[in-house]
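Here is model_5.cif, consisting of mmCIF, C-alpha atoms and all ligand atoms:
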```
data_data
#
loop_
_atom_site.label_atom_id
_atom_site.label_comp_id
_atom_site.auth_asym_id
_atom_site.auth_seq_id
_atom_site.Cartn_x
_atom_site.Cartn_y
_atom_site.Cartn_z
CA MET A 1 -3.36 12.67 33.97
CA LYS A 2 -6.57 13.41 32.09
CA TYR A 3 -6.79 14.41 28.42
CA ASP A 4 -9.74 15.07 26.11
CA ALA A 5 -8.23 12.62 23.66
CA ILE A 6 -5.40 10.12 23.61
CA ILE A 7 -4.17 8.87 20.28
CA VAL A 8 -2.11 5.68 20.18
CA GLY A 9 0.39 5.73 17.28
CA ALA A 10 2.38 8.75 16.07
CA GLY A 11 2.27 7.80 12.40
CA ALA A 12 0.54 9.51 9.49
CA ALA A 13 -3.01 9.13 10.77
CA GLY A 14 -2.25 9.65 14.47
CA LEU A 15 -0.35 12.93 14.02
CA PHE A 16 -2.89 14.29 11.55
CA CYS A 17 -5.79 13.47 13.86
CA ALA A 18 -3.94 14.97 16.82
CA PHE A 19 -3.50 18.45 15.36
CA THR A 20 -6.98 18.43 13.80
CA ALA A 21 -8.45 17.94 17.30
CA GLY A 22 -5.82 20.18 18.94
CA ARG A 23 -6.74 23.08 16.62
CA ARG A 24 -10.31 22.73 17.93
CA GLY A 25 -9.07 23.37 21.45
CA ARG A 26 -8.95 19.74 22.57
CA ARG A 27 -6.22 18.65 25.00
CA VAL A 28 -4.51 15.86 23.08
CA LEU A 29 -1.80 13.34 23.94
CA VAL A 30 -0.17 11.07 21.35
CA LEU A 31 1.53 7.89 22.61
CA GLU A 32 4.15 6.19 20.43
CA HIS A 33 6.15 3.09 21.36
CA ASN A 34 9.01 3.83 18.94
CA GLY A 35 11.77 6.18 20.01
CA ARG A 36 10.71 8.60 17.25
CA PRO A 37 7.43 9.49 15.50
CA GLY A 38 6.57 8.80 11.85
CA GLU A 39 9.18 6.16 10.96
CA LYS A 40 7.10 4.83 8.06
CA ILE A 41 6.57 8.31 6.64
CA LYS A 42 10.34 8.74 6.49
CA VAL A 43 10.98 5.64 4.37
CA SER A 44 7.87 6.09 2.23
CA GLY A 45 7.96 6.66 -1.51
CA GLY A 46 11.64 5.70 -1.65
CA GLY A 47 12.45 8.60 0.73
CA ARG A 48 10.32 11.14 -1.16
CA CYS A 49 6.89 10.28 0.34
CA ASN A 50 4.17 9.78 -2.25
CA PHE A 51 1.85 11.69 0.09
CA THR A 52 -1.37 11.67 -1.94
CA ASN A 53 -2.93 10.86 -5.30
CA THR A 54 -5.08 13.47 -7.00
CA HIS A 55 -7.31 10.74 -8.50
CA ALA A 56 -8.11 9.08 -5.16
CA GLY A 57 -11.66 7.73 -5.00
CA PRO A 58 -13.42 4.72 -3.42
CA GLU A 59 -12.60 2.59 -6.49
CA ASN A 60 -8.90 2.72 -5.49
CA TYR A 61 -9.47 0.97 -2.16
CA LEU A 62 -10.09 -2.61 -1.04
CA SER A 63 -12.45 -3.26 1.86
CA GLU A 64 -15.27 -5.57 2.91
CA ASN A 65 -17.43 -2.47 2.33
CA PRO A 66 -15.88 -0.61 -0.65
CA GLY A 67 -18.18 2.40 -0.10
CA PHE A 68 -17.09 2.95 3.53
CA CYS A 69 -14.22 5.31 2.66
CA ARG A 70 -16.39 7.57 0.48
CA SER A 71 -17.52 9.98 3.19
CA ALA A 72 -14.07 10.52 4.73
CA LEU A 73 -12.42 10.93 1.31
CA ALA A 74 -15.06 13.52 0.36
CA GLY A 75 -14.51 15.36 3.66
CA PHE A 76 -10.77 15.76 3.13
CA SER A 77 -9.56 15.62 -0.47
CA PRO A 78 -6.10 15.24 -2.04
CA GLN A 79 -6.38 18.95 -2.92
CA ASP A 80 -6.87 19.78 0.77
CA PHE A 81 -3.63 17.97 1.61
CA LEU A 82 -1.83 19.68 -1.28
CA SER A 83 -2.96 23.06 0.15
CA LEU A 84 -1.41 22.14 3.51
CA VAL A 85 1.83 21.10 1.79
CA GLU A 86 1.84 24.39 -0.10
CA LYS A 87 1.16 26.38 3.11
CA HIS A 88 4.34 24.85 4.54
CA GLY A 89 6.34 25.73 1.42
CA ILE A 90 7.14 22.09 0.59
CA ALA A 91 8.07 21.69 -3.07
CA CYS A 92 6.42 18.72 -4.76
CA HIS A 93 5.67 17.25 -8.15
CA GLU A 94 3.42 14.74 -9.88
CA LYS A 95 5.44 11.70 -10.94
CA LYS A 96 2.76 9.82 -12.90
CA LEU A 97 -0.89 8.82 -12.65
CA GLY A 98 -1.75 11.55 -10.11
CA GLN A 99 1.02 10.49 -7.68
CA GLN A 100 2.31 13.48 -5.66
CA PHE A 101 5.87 13.31 -4.30
CA CYS A 102 8.14 15.69 -2.37
CA ASP A 103 10.92 17.21 -4.49
CA GLY A 104 13.12 16.97 -1.40
CA SER A 105 12.64 14.32 1.27
CA SER A 106 9.81 12.61 3.18
CA GLY A 107 11.21 14.21 6.32
CA GLU A 108 9.55 17.45 5.18
CA ILE A 109 6.09 15.87 5.47
CA LEU A 110 6.91 14.54 8.93
CA SER A 111 8.25 17.96 10.03
CA MET A 112 5.08 19.57 8.71
CA LEU A 113 2.88 17.22 10.77
CA LEU A 114 4.98 17.76 13.90
CA ARG A 115 4.94 21.54 13.44
CA GLU A 116 1.14 21.47 13.12
CA CYS A 117 0.98 19.34 16.28
CA SER A 118 3.17 21.71 18.21
CA GLU A 119 1.14 24.76 17.05
CA ALA A 120 -2.02 22.97 18.19
CA ARG A 121 -0.40 22.26 21.59
CA VAL A 122 -0.47 18.51 21.10
CA GLU A 123 1.77 16.51 23.43
CA VAL A 124 3.68 13.68 21.69
CA ARG A 125 5.33 11.08 23.95
CA CYS A 126 7.66 8.59 22.29
CA GLY A 127 9.13 5.42 23.78
CA CYS A 128 5.87 4.82 25.64
CA ARG A 129 4.29 1.35 25.71
CA VAL A 130 0.58 1.01 26.41
CA GLN A 131 0.16 -1.98 28.75
CA GLU A 132 -3.54 -1.96 29.49
CA VAL A 133 -6.67 -0.13 28.33
CA ARG A 134 -9.90 -0.08 30.32
CA GLN A 135 -13.20 1.39 29.26
CA GLY A 136 -13.72 4.94 30.36
CA PHE A 137 -10.87 5.29 29.15
CA PHE A 138 -7.98 4.46 31.47
CA LEU A 139 -4.52 3.62 30.09
CA LYS A 140 -1.68 1.98 31.96
CA THR A 141 1.61 2.68 30.14
CA SER A 142 5.36 2.40 30.65
CA GLY A 143 5.27 6.20 31.11
CA GLY A 144 2.50 6.37 33.73
CA ASP A 145 -1.29 6.20 33.91
CA PHE A 146 -3.57 8.38 31.77
CA ALA A 147 -7.29 8.91 31.33
CA CYS A 148 -9.24 10.34 28.41
CA ASP A 149 -12.77 10.80 27.03
CA SER A 150 -11.85 9.83 23.46
CA LEU A 151 -9.39 7.10 22.55
CA VAL A 152 -8.13 6.95 18.97
CA ILE A 153 -6.28 3.87 17.77
CA ALA A 154 -3.87 4.78 14.95
CA THR A 155 -1.34 1.97 15.26
CA GLY A 156 -1.32 0.99 11.57
CA GLY A 157 -1.00 -2.48 10.05
CA LEU A 158 1.38 -5.40 10.48
CA SER A 159 3.82 -4.67 7.67
CA PHE A 160 7.42 -3.63 8.29
CA ALA A 161 7.64 -4.69 11.95
CA LYS A 162 11.16 -3.24 12.05
CA LEU A 163 9.55 0.24 11.76
CA GLY A 164 7.29 -0.34 14.78
CA ALA A 165 4.27 -2.14 13.32
CA SER A 166 2.28 -4.11 15.89
CA CYS A 167 -1.01 -5.96 16.29
CA PHE A 168 -1.99 -3.64 19.15
CA GLY A 169 -4.88 -2.04 17.27
CA HIS A 170 -6.39 -5.39 16.33
CA LEU A 171 -6.10 -6.62 19.93
CA ILE A 172 -7.83 -3.50 21.28
CA ALA A 173 -10.59 -3.88 18.69
CA ARG A 174 -11.20 -7.47 19.79
CA GLN A 175 -10.98 -6.53 23.48
CA PHE A 176 -13.85 -4.08 22.95
CA GLY A 177 -15.92 -6.56 20.92
CA LEU A 178 -15.17 -5.26 17.42
CA ARG A 179 -14.58 -7.73 14.61
CA VAL A 180 -11.26 -7.80 12.72
CA THR A 181 -11.40 -9.06 9.13
CA GLU A 182 -8.86 -11.51 7.71
CA LEU A 183 -5.37 -9.94 7.64
CA ARG A 184 -2.80 -10.52 4.89
CA PRO A 185 0.11 -8.71 3.28
CA GLY A 186 -0.73 -6.30 0.42
CA LEU A 187 1.37 -4.41 -2.14
CA VAL A 188 3.92 -7.18 -1.73
CA PRO A 189 6.35 -8.96 -4.09
CA LEU A 190 5.10 -12.39 -5.22
CA THR A 191 7.32 -15.46 -5.19
CA LEU A 192 7.81 -18.02 -7.96
CA PRO A 193 7.88 -21.80 -7.54
CA GLU A 194 11.28 -23.52 -7.77
CA ARG A 195 11.16 -24.36 -11.50
CA ASP A 196 10.20 -20.81 -12.61
CA LEU A 197 12.76 -19.36 -10.25
CA ARG A 198 15.48 -21.42 -11.95
CA THR A 199 14.45 -19.75 -15.23
CA PHE A 200 13.93 -16.16 -14.09
CA GLY A 201 16.06 -15.86 -10.93
CA PRO A 202 19.27 -15.43 -12.96
CA VAL A 203 17.82 -12.35 -14.71
CA SER A 204 16.75 -10.58 -11.49
CA GLY A 205 16.94 -6.83 -11.82
CA VAL A 206 15.41 -6.59 -15.31
CA SER A 207 12.11 -4.82 -15.77
CA LEU A 208 9.58 -4.38 -18.57
CA PRO A 209 6.15 -2.80 -19.08
CA VAL A 210 3.26 -5.26 -18.77
CA ARG A 211 -0.48 -5.38 -18.23
CA VAL A 212 -1.47 -7.86 -15.53
CA ARG A 213 -4.94 -9.00 -14.58
CA ASN A 214 -6.44 -11.10 -11.79
CA ALA A 215 -9.77 -11.32 -9.98
CA GLY A 216 -11.43 -8.71 -12.19
CA GLN A 217 -8.67 -6.06 -11.76
CA SER A 218 -5.92 -5.08 -14.17
CA PHE A 219 -2.91 -2.76 -14.01
CA GLU A 220 -0.57 -1.53 -16.74
CA GLU A 221 2.77 -0.80 -15.11
CA ALA A 222 6.31 -2.22 -14.88
CA LEU A 223 7.21 -5.78 -13.85
CA LEU A 224 10.52 -6.24 -12.04
CA VAL A 225 12.20 -9.64 -11.79
CA THR A 226 13.66 -10.29 -8.32
CA HIS A 227 15.78 -13.13 -6.97
CA ARG A 228 12.65 -14.63 -5.36
CA GLY A 229 9.99 -13.90 -7.97
CA PHE A 230 8.32 -10.84 -9.47
CA SER A 231 7.84 -7.33 -8.10
CA GLY A 232 7.55 -3.83 -9.59
CA PRO A 233 4.41 -1.65 -9.52
CA ALA A 234 2.32 -4.00 -11.70
CA VAL A 235 2.94 -6.99 -9.44
CA LEU A 236 2.62 -5.02 -6.17
CA GLN A 237 -0.77 -3.72 -7.33
CA ILE A 238 -2.10 -7.13 -8.40
CA SER A 239 -0.73 -8.76 -5.21
CA SER A 240 -3.54 -7.08 -3.26
CA TYR A 241 -6.01 -8.98 -5.45
CA TRP A 242 -4.05 -12.25 -5.35
CA ASN A 243 -5.08 -15.31 -3.34
CA ASN A 244 -3.30 -18.64 -2.97
CA GLY A 245 -3.86 -20.71 -6.10
CA ASP A 246 -4.51 -17.74 -8.42
CA ALA A 247 -2.45 -17.37 -11.61
CA PRO A 248 -2.48 -13.70 -12.69
CA VAL A 249 -2.30 -13.31 -16.47
CA PHE A 250 0.41 -11.06 -17.95
CA ASP A 251 0.30 -9.30 -21.31
CA LEU A 252 4.01 -8.86 -22.00
CA LEU A 253 3.32 -6.74 -25.10
CA PRO A 254 0.74 -4.22 -23.83
CA GLY A 255 -0.53 -1.83 -26.49
CA LYS A 256 1.94 -3.18 -29.05
CA ASP A 257 0.91 -4.39 -32.49
CA VAL A 258 3.31 -7.29 -32.88
CA SER A 259 3.64 -10.00 -35.49
CA PHE A 260 6.65 -12.11 -36.45
CA ARG A 261 8.52 -10.46 -39.30
CA ARG A 262 10.89 -11.91 -41.83
CA GLY A 263 14.49 -11.32 -40.90
CA ALA A 264 14.43 -12.16 -37.17
CA THR A 265 16.53 -15.27 -36.71
CA SER A 266 15.44 -16.51 -33.28
CA ALA A 267 12.64 -15.94 -30.81
CA PRO A 268 14.93 -14.22 -28.24
CA ALA A 269 16.27 -11.91 -30.98
CA PHE A 270 12.73 -11.09 -32.04
CA PHE A 271 11.37 -10.46 -28.51
CA SER A 272 14.40 -8.46 -27.42
CA GLU A 273 13.05 -5.66 -29.62
CA PHE A 274 10.32 -5.34 -26.96
CA TRP A 275 11.86 -6.81 -23.78
CA PRO A 276 15.28 -6.68 -22.15
CA ARG A 277 17.43 -9.24 -23.96
CA ARG A 278 18.04 -11.37 -20.85
CA PHE A 279 14.34 -11.59 -20.09
CA ALA A 280 13.62 -12.55 -23.72
CA GLU A 281 16.19 -15.34 -23.51
CA ALA A 282 14.82 -16.65 -20.21
CA TRP A 283 11.17 -16.52 -21.32
CA CYS A 284 11.86 -18.13 -24.71
CA SER A 285 13.92 -20.92 -23.12
CA ARG A 286 10.67 -22.11 -21.52
CA HIS A 287 7.93 -20.98 -23.86
CA ALA A 288 9.18 -20.95 -27.46
CA PRO A 289 10.19 -23.82 -29.81
CA GLN A 290 13.96 -24.26 -29.63
CA LYS A 291 14.68 -23.90 -33.35
CA PRO A 292 15.28 -21.05 -35.84
CA LEU A 293 12.23 -18.88 -36.45
CA ASN A 294 12.05 -19.72 -40.14
CA GLN A 295 11.34 -23.34 -39.17
CA TRP A 296 8.31 -22.45 -37.02
CA SER A 297 4.89 -23.41 -38.29
CA ASP A 298 2.14 -20.76 -38.51
CA ARG A 299 0.48 -22.42 -35.55
CA GLU A 300 3.66 -22.23 -33.43
CA ARG A 301 3.98 -18.50 -34.25
CA ARG A 302 0.36 -17.87 -33.29
CA GLU A 303 0.65 -19.84 -30.07
CA VAL A 304 3.84 -18.15 -28.87
CA LEU A 305 2.46 -14.67 -29.52
CA GLU A 306 -0.80 -15.63 -27.84
CA LEU A 307 1.14 -16.82 -24.79
CA ALA A 308 3.22 -13.62 -24.67
CA ARG A 309 -0.05 -11.69 -24.55
CA ASN A 310 -1.80 -14.00 -22.06
CA TRP A 311 0.86 -15.54 -19.87
CA PRO A 312 -0.52 -17.07 -16.64
CA VAL A 313 1.93 -17.17 -13.75
CA ALA A 314 1.10 -19.47 -10.83
CA PHE A 315 2.90 -17.73 -7.95
CA SER A 316 3.83 -19.80 -4.91
CA GLY A 317 3.26 -17.07 -2.32
CA THR A 318 4.23 -13.57 -1.20
CA GLU A 319 7.33 -12.18 0.46
CA GLY A 320 5.17 -11.56 3.56
CA TYR A 321 4.75 -8.67 5.97
CA ALA A 322 8.49 -7.97 6.04
CA LYS A 323 8.28 -6.71 2.42
CA ALA A 324 4.60 -5.67 2.23
CA GLU A 325 3.84 -1.96 1.99
CA VAL A 326 0.45 -2.47 3.61
CA THR A 327 -1.79 -4.88 5.49
CA LEU A 328 -5.03 -5.93 3.82
CA GLY A 329 -7.96 -6.22 6.22
CA GLY A 330 -8.30 -4.73 9.68
CA VAL A 331 -11.01 -3.46 12.01
CA ALA A 332 -14.30 -4.29 10.26
CA THR A 333 -15.95 -1.18 8.87
CA ALA A 334 -19.39 -2.55 9.79
CA GLY A 335 -18.56 -1.72 13.42
CA LEU A 336 -17.49 1.88 12.70
CA SER A 337 -19.19 5.14 11.72
CA SER A 338 -17.95 6.23 8.28
CA LYS A 339 -18.39 9.89 9.35
CA THR A 340 -16.36 9.83 12.58
CA MET A 341 -14.54 6.45 12.61
CA GLU A 342 -16.09 5.88 16.06
CA SER A 343 -17.09 2.42 17.17
CA ARG A 344 -20.83 1.88 16.85
CA THR A 345 -20.87 0.06 20.19
CA VAL A 346 -18.16 1.71 22.36
CA ARG A 347 -18.65 5.44 22.67
CA GLY A 348 -15.45 7.50 22.31
CA LEU A 349 -13.38 4.69 20.75
CA HIS A 350 -12.13 5.51 17.23
CA PHE A 351 -9.97 3.64 14.69
CA ILE A 352 -8.18 5.46 11.86
CA GLY A 353 -5.63 4.81 9.12
CA GLU A 354 -4.28 1.42 8.13
CA VAL A 355 -5.60 -0.43 11.21
CA VAL A 356 -9.06 -0.15 9.61
CA ASP A 357 -10.16 -2.57 6.87
CA VAL A 358 -9.54 0.00 4.10
CA THR A 359 -6.46 -0.57 1.93
CA GLY A 360 -5.41 1.60 -0.99
CA TRP A 361 -3.61 0.88 -4.23
CA LEU A 362 0.03 1.77 -4.67
CA GLY A 363 0.51 5.46 -5.51
CA GLY A 364 -0.30 7.72 -2.56
CA TYR A 365 -3.73 6.27 -1.85
CA ASN A 366 -2.80 4.84 1.55
CA PHE A 367 -1.58 8.15 2.91
CA GLN A 368 -4.70 9.84 1.53
CA TRP A 369 -6.80 7.36 3.52
CA ALA A 370 -4.67 8.06 6.62
CA TRP A 371 -5.21 11.86 6.30
CA ALA A 372 -8.92 11.59 5.43
CA SER A 373 -9.87 9.10 8.17
CA ALA A 374 -7.78 11.09 10.69
CA HIS A 375 -9.52 14.30 9.64
CA ALA A 376 -12.94 12.69 10.12
CA ALA A 377 -12.06 11.49 13.63
CA GLY A 378 -10.15 14.65 14.57
CA ARG A 379 -13.24 16.76 13.91
CA ALA A 380 -15.44 14.49 15.99
CA ILE A 381 -13.44 13.95 19.18
C1 LIG A 401 8.33 0.97 2.81
C2 LIG A 401 6.97 1.61 2.73
C3 LIG A 401 6.76 2.65 1.84
C4 LIG A 401 5.49 3.23 1.73
N1 LIG A 401 5.31 4.27 0.85
C5 LIG A 401 4.08 4.83 0.74
C6 LIG A 401 3.88 5.96 -0.12
O1 LIG A 401 4.81 6.49 -0.71
N2 LIG A 401 2.60 6.42 -0.25
C7 LIG A 401 1.53 5.89 0.46
O2 LIG A 401 0.41 6.37 0.31
N3 LIG A 401 1.73 4.88 1.32
C8 LIG A 401 2.96 4.35 1.48
N4 LIG A 401 3.15 3.32 2.37
C9 LIG A 401 2.01 2.92 3.22
C10 LIG A 401 1.84 3.98 4.35
O3 LIG A 401 3.11 4.22 4.94
C11 LIG A 401 0.85 3.51 5.40
O4 LIG A 401 -0.35 3.10 4.81
C12 LIG A 401 0.57 4.66 6.38
O5 LIG A 401 1.76 5.02 7.04
C13 LIG A 401 -0.48 4.25 7.38
O6 LIG A 401 -0.59 5.28 8.35
P1 LIG A 401 -1.01 4.92 9.84
O7 LIG A 401 -0.85 6.18 10.61
O8 LIG A 401 -2.29 4.21 9.85
O9 LIG A 401 0.10 3.87 10.32
P2 LIG A 401 1.66 4.10 10.52
O10 LIG A 401 2.15 5.23 9.71
O11 LIG A 401 2.27 2.77 10.35
O12 LIG A 401 1.76 4.57 12.04
C14 LIG A 401 1.45 3.71 13.11
C15 LIG A 401 2.26 4.17 14.30
O13 LIG A 401 1.81 3.47 15.45
C16 LIG A 401 2.93 3.05 16.18
N5 LIG A 401 2.53 1.90 17.00
C17 LIG A 401 2.27 0.64 16.59
N6 LIG A 401 1.94 -0.12 17.65
C18 LIG A 401 1.98 0.68 18.74
C19 LIG A 401 1.73 0.47 20.12
N7 LIG A 401 1.39 -0.73 20.60
N8 LIG A 401 1.88 1.52 20.97
C20 LIG A 401 2.24 2.74 20.51
N9 LIG A 401 2.50 2.98 19.22
C21 LIG A 401 2.35 1.97 18.33
C22 LIG A 401 3.97 2.71 15.13
O14 LIG A 401 5.26 2.67 15.66
C23 LIG A 401 3.74 3.84 14.16
O15 LIG A 401 4.50 4.97 14.48
C24 LIG A 401 4.41 2.74 2.51
C25 LIG A 401 4.64 1.70 3.43
C26 LIG A 401 5.90 1.14 3.53
C27 LIG A 401 6.11 0.02 4.53
#
```

Could you rewrite the structure in this file as C-alpha cells?
Ligand SMILES: Cc1cc2nc3c(=O)[nH]c(=O)nc-3n(C[C@H](O)[C@H](O)[C@H](O)COP(=O)(O)OP(=O)(O)OC[C@H]3O[C@@H](n4cnc5c(N)ncnc54)[C@H](O)[C@@H]3O)c2cc1C
Amino acid sequence: MKYDAIIVGAGAAGLFCAFTAGRRGRRVLVLEHNGRPGEKIKVSGGGRCNFTNTHAGPENYLSENPGFCRSALAGFSPQDFLSLVEKHGIACHEKKLGQQFCDGSSGEILSMLLRECSEARVEVRCGCRVQEVRQGFFLKTSGGDFACDSLVIATGGLSFAKLGASCFGHLIARQFGLRVTELRPGLVPLTLPERDLRTFGPVSGVSLPVRVRNAGQSFEEALLVTHRGFSGPAVLQISSYWNNGDAPVFDLLPGKDVSFRRGATSAPAFFSEFWPRRFAEAWCSRHAPQKPLNQWSDRERREVLELARNWPVAFSGTEGYAKAEVTLGGVATAGLSSKTMESRTVRGLHFIGEVVDVTGWLGGYNFQWAWASAHAAGRAI
C-alpha cells in the first residue's frame, strides 16, 4: 500500500507530525510497535504532562549544534501549543518557571493528538513492527508491506525501554549514512560512591533547596536524597551536563545570609534551621568537627560554612536509561535541514523529536522540541 508519508513512532513528535501533514491533504500512515500510542505522554509530568515551557529557547537545549533548534522553535512556539490546548478545552496551569501542566491528566494531551489525527484522516497502526526499510521508500513490517514518498523517523530515545523505547531510529540513520552522536542518559538520578551512600542512604526521601553547578551551567532547584544517590530537579538538570569524573558543586544555602550565631549548641542543630534535621545530621557527621559549637575555632566555622556553600560531590555514575527522562545525543544535526528535519543526503527521509541530537532541560522543553520539530517536518512532507 502506498502513502504520501509514513511516520514510524506514535509518540509526541510522530502524532503531531502526522496530523500537521494530514491537514495539508497528505495521505499519512503512522506505525507504532507498542500496542497503544503515546505511552510516554501518559506517564509524563507525573501523570499531568508538562507539555511545554513558555520560556523555551535555544539556550534550554543541549546539542552538538546549539543553534540547530532555533528555526523549528521559532516556527512553532509554546504559545502555539497553548492555543491548541485551549481549542480542545483542556484546563492547564503554570506550575513554576514557565512549566505548563494539565489540571487533569496527561491522557487529555494524548486524546487531543489522536483527535487531531483522526480529523486529518491519519491512519495509526499499533502493534506493527518495521522489519526492513529500503530506499524509495519500501517498508517490510509485521503488518504487511508499505511504500511512501516521505519517511519520518519519530521513534524517540533509549530511555524507559519498558514504554517502547528502541534504537530503531539510530539504526535507520546509520543505514542511510547519517552520523549518530554519542548517546547517554540525561535528566537522570546520579549515584553516590559506597562511602557517601553509607552517610546519605539512610536519609533517603529528604529534600532541600540547593544551587548546583557543573561544566559552566547552574540550576537552583530542589535536591532529593534517594537510596542510591541524589535526584530531584536540581540533580536531574545538572545530570545532563555531568560526565564521568566530574564533581558538581552544591550550594546548600542558596540565597541565604548565614553565619554561626551564639546559642546554637551543635552543627546539626544550627543547620537544621535551613535543612531537614536528618540531612543536617548526616552532612555534619562527615563535614563538621565533632564537638560543641562553642569549642570551634573561627577558622573551623569559616571552613564549614564555606563547604556548605561549595560542596563538591564526586558521583559514581547515573541510574541509567531505565530511570532517565531523556537520551542525550542522537542523529547528528549536521546531516539534517533545520527547516524541514530532512536528511541532507537522502531525499524524503526526516528525523524528528528525541531521536535527533537535541535534548531539552527538565520542565516541558522536550515536548516543545517534539512539537516544533514535528511541525517543521509535517509542513514539508
Ligand atoms: C517518565 C518520563 C516523564 C517525562 N515527562 C516529561 C514532561 O513532563 N515534559 C517534557 O517535556 N518531557 C517529558 N519527558 C520526555 C518526553 O516524554 C520525550 O522527550 C518525548 O516523549 C519525546 O517525543 P518523541 O515523539 O520523540 O518520542 P516518544 O514520545 O518516546 O515516542 C516514540 C514512539 O516510537 C515508538 N517506537 C520506538 N521504536 C519503534 C519501532 N522500532 N517501531 C515502531 N515504533 C517504535 C515508541 O513506542 C514510542 O511510541 C518525560 C520522559 C519520561 C521517560

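Across the structure, atom CA of A:Val130 and atom CA of A:Gln368 are spaced 26.9 Å apart.
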
Compute the set of protein, DNA and RNA residues whose minimum atom distance to ligand LIG 401 (chain A) is at most 6 Å, using all atoms listed in the file, and state it as a PyMOL selection string. chain A and resi 8-14+31-34+37-41+43-45+49-51+129-130+154-156+160+164-166+168+325-326+353-355+363-367+370

Within 10 Å of A:Glu303 using all atoms listed in the file, minus same-chain residues under 6 positions, as a PyMOL selection string: chain A and resi 287-288+297+309

Could you give me, as a compact mmCIF listing (two decimals) with C-alpha atoms, in the frame of the given file, the residues within 9 Å of stretch 111-113 of chain A, counting all atoms listed in the file and dropping anything in the same chain fewer than 5 positions from it?
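That gives us result-v4.txt:
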```
# COMPACT_ATOMS: atom_id res chain seq x y z
CA ALA A 12 0.54 9.51 9.49
CA LEU A 15 -0.35 12.93 14.02
CA PHE A 16 -2.89 14.29 11.55
CA PHE A 19 -3.50 18.45 15.36
CA LEU A 84 -1.41 22.14 3.51
CA VAL A 85 1.83 21.10 1.79
CA HIS A 88 4.34 24.85 4.54
CA ILE A 90 7.14 22.09 0.59
CA SER A 106 9.81 12.61 3.18
CA SER A 118 3.17 21.71 18.21
```

Quick one: residues within 7 Å of stretch 195-198 of chain A, all atoms listed in the file, excluding same-chain residues fewer than 3 positions away - as a compact mmCIF listing (two decimals) with C-alpha atoms, in the coordinates of the input?
```txt
# COMPACT_ATOMS: atom_id res chain seq x y z
CA LEU A 192 7.81 -18.02 -7.96
CA GLY A 201 16.06 -15.86 -10.93
CA ARG A 228 12.65 -14.63 -5.36
CA GLY A 229 9.99 -13.90 -7.97
```

List the spatial neighbours of A:Ser218 as a PDB file with C-alpha atoms, keeping the file's coordinate frame - criterion: any atom at most 10 Å away, all atoms listed in the file, same-chain residues fewer than 4 positions off excluded.
```pdb
ATOM      1  CA  ARG A 211      -0.480  -5.380 -18.230  1.00  0.00           C
ATOM      2  CA  VAL A 212      -1.470  -7.860 -15.530  1.00  0.00           C
ATOM      3  CA  ARG A 213      -4.940  -9.000 -14.580  1.00  0.00           C
ATOM      4  CA  ASN A 214      -6.440 -11.100 -11.790  1.00  0.00           C
ATOM      5  CA  ALA A 234       2.320  -4.000 -11.700  1.00  0.00           C
ATOM      6  CA  GLN A 237      -0.770  -3.720  -7.330  1.00  0.00           C
ATOM      7  CA  ILE A 238      -2.100  -7.130  -8.400  1.00  0.00           C
ATOM      8  CA  TYR A 241      -6.010  -8.980  -5.450  1.00  0.00           C
ATOM      9  CA  PRO A 248      -2.480 -13.700 -12.690  1.00  0.00           C
ATOM     10  CA  VAL A 249      -2.300 -13.310 -16.470  1.00  0.00           C
ATOM     11  CA  PHE A 250       0.410 -11.060 -17.950  1.00  0.00           C
TER      12      PHE A 250
END
```

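Restricting the calculation to only C-alpha atoms, the smallest distance between A:Thr20 and any of A:Gly329, A:Gly216, A:Gly378, A:Gly320 is found for A:Gly378.
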
Counting all atoms listed in the file, what is within 8 Å of A:Ile7, bar same-chain residues fewer than 4 positions away, as a ChimeraX atom specification? /A:14,18,28-31,151-154

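The residue that comes closest to A:Lys339, out of A:Ser71, A:Asn243, A:Thr199, A:Gln131 and on the basis of all atoms listed in the file, is A:Ser71.
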
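Among A:Asp357, A:Asp145, A:Glu86, A:Glu273, the residue with the shortest atom-to-atom distance to A:Leu208, counting only C-alpha atoms, is A:Glu273.
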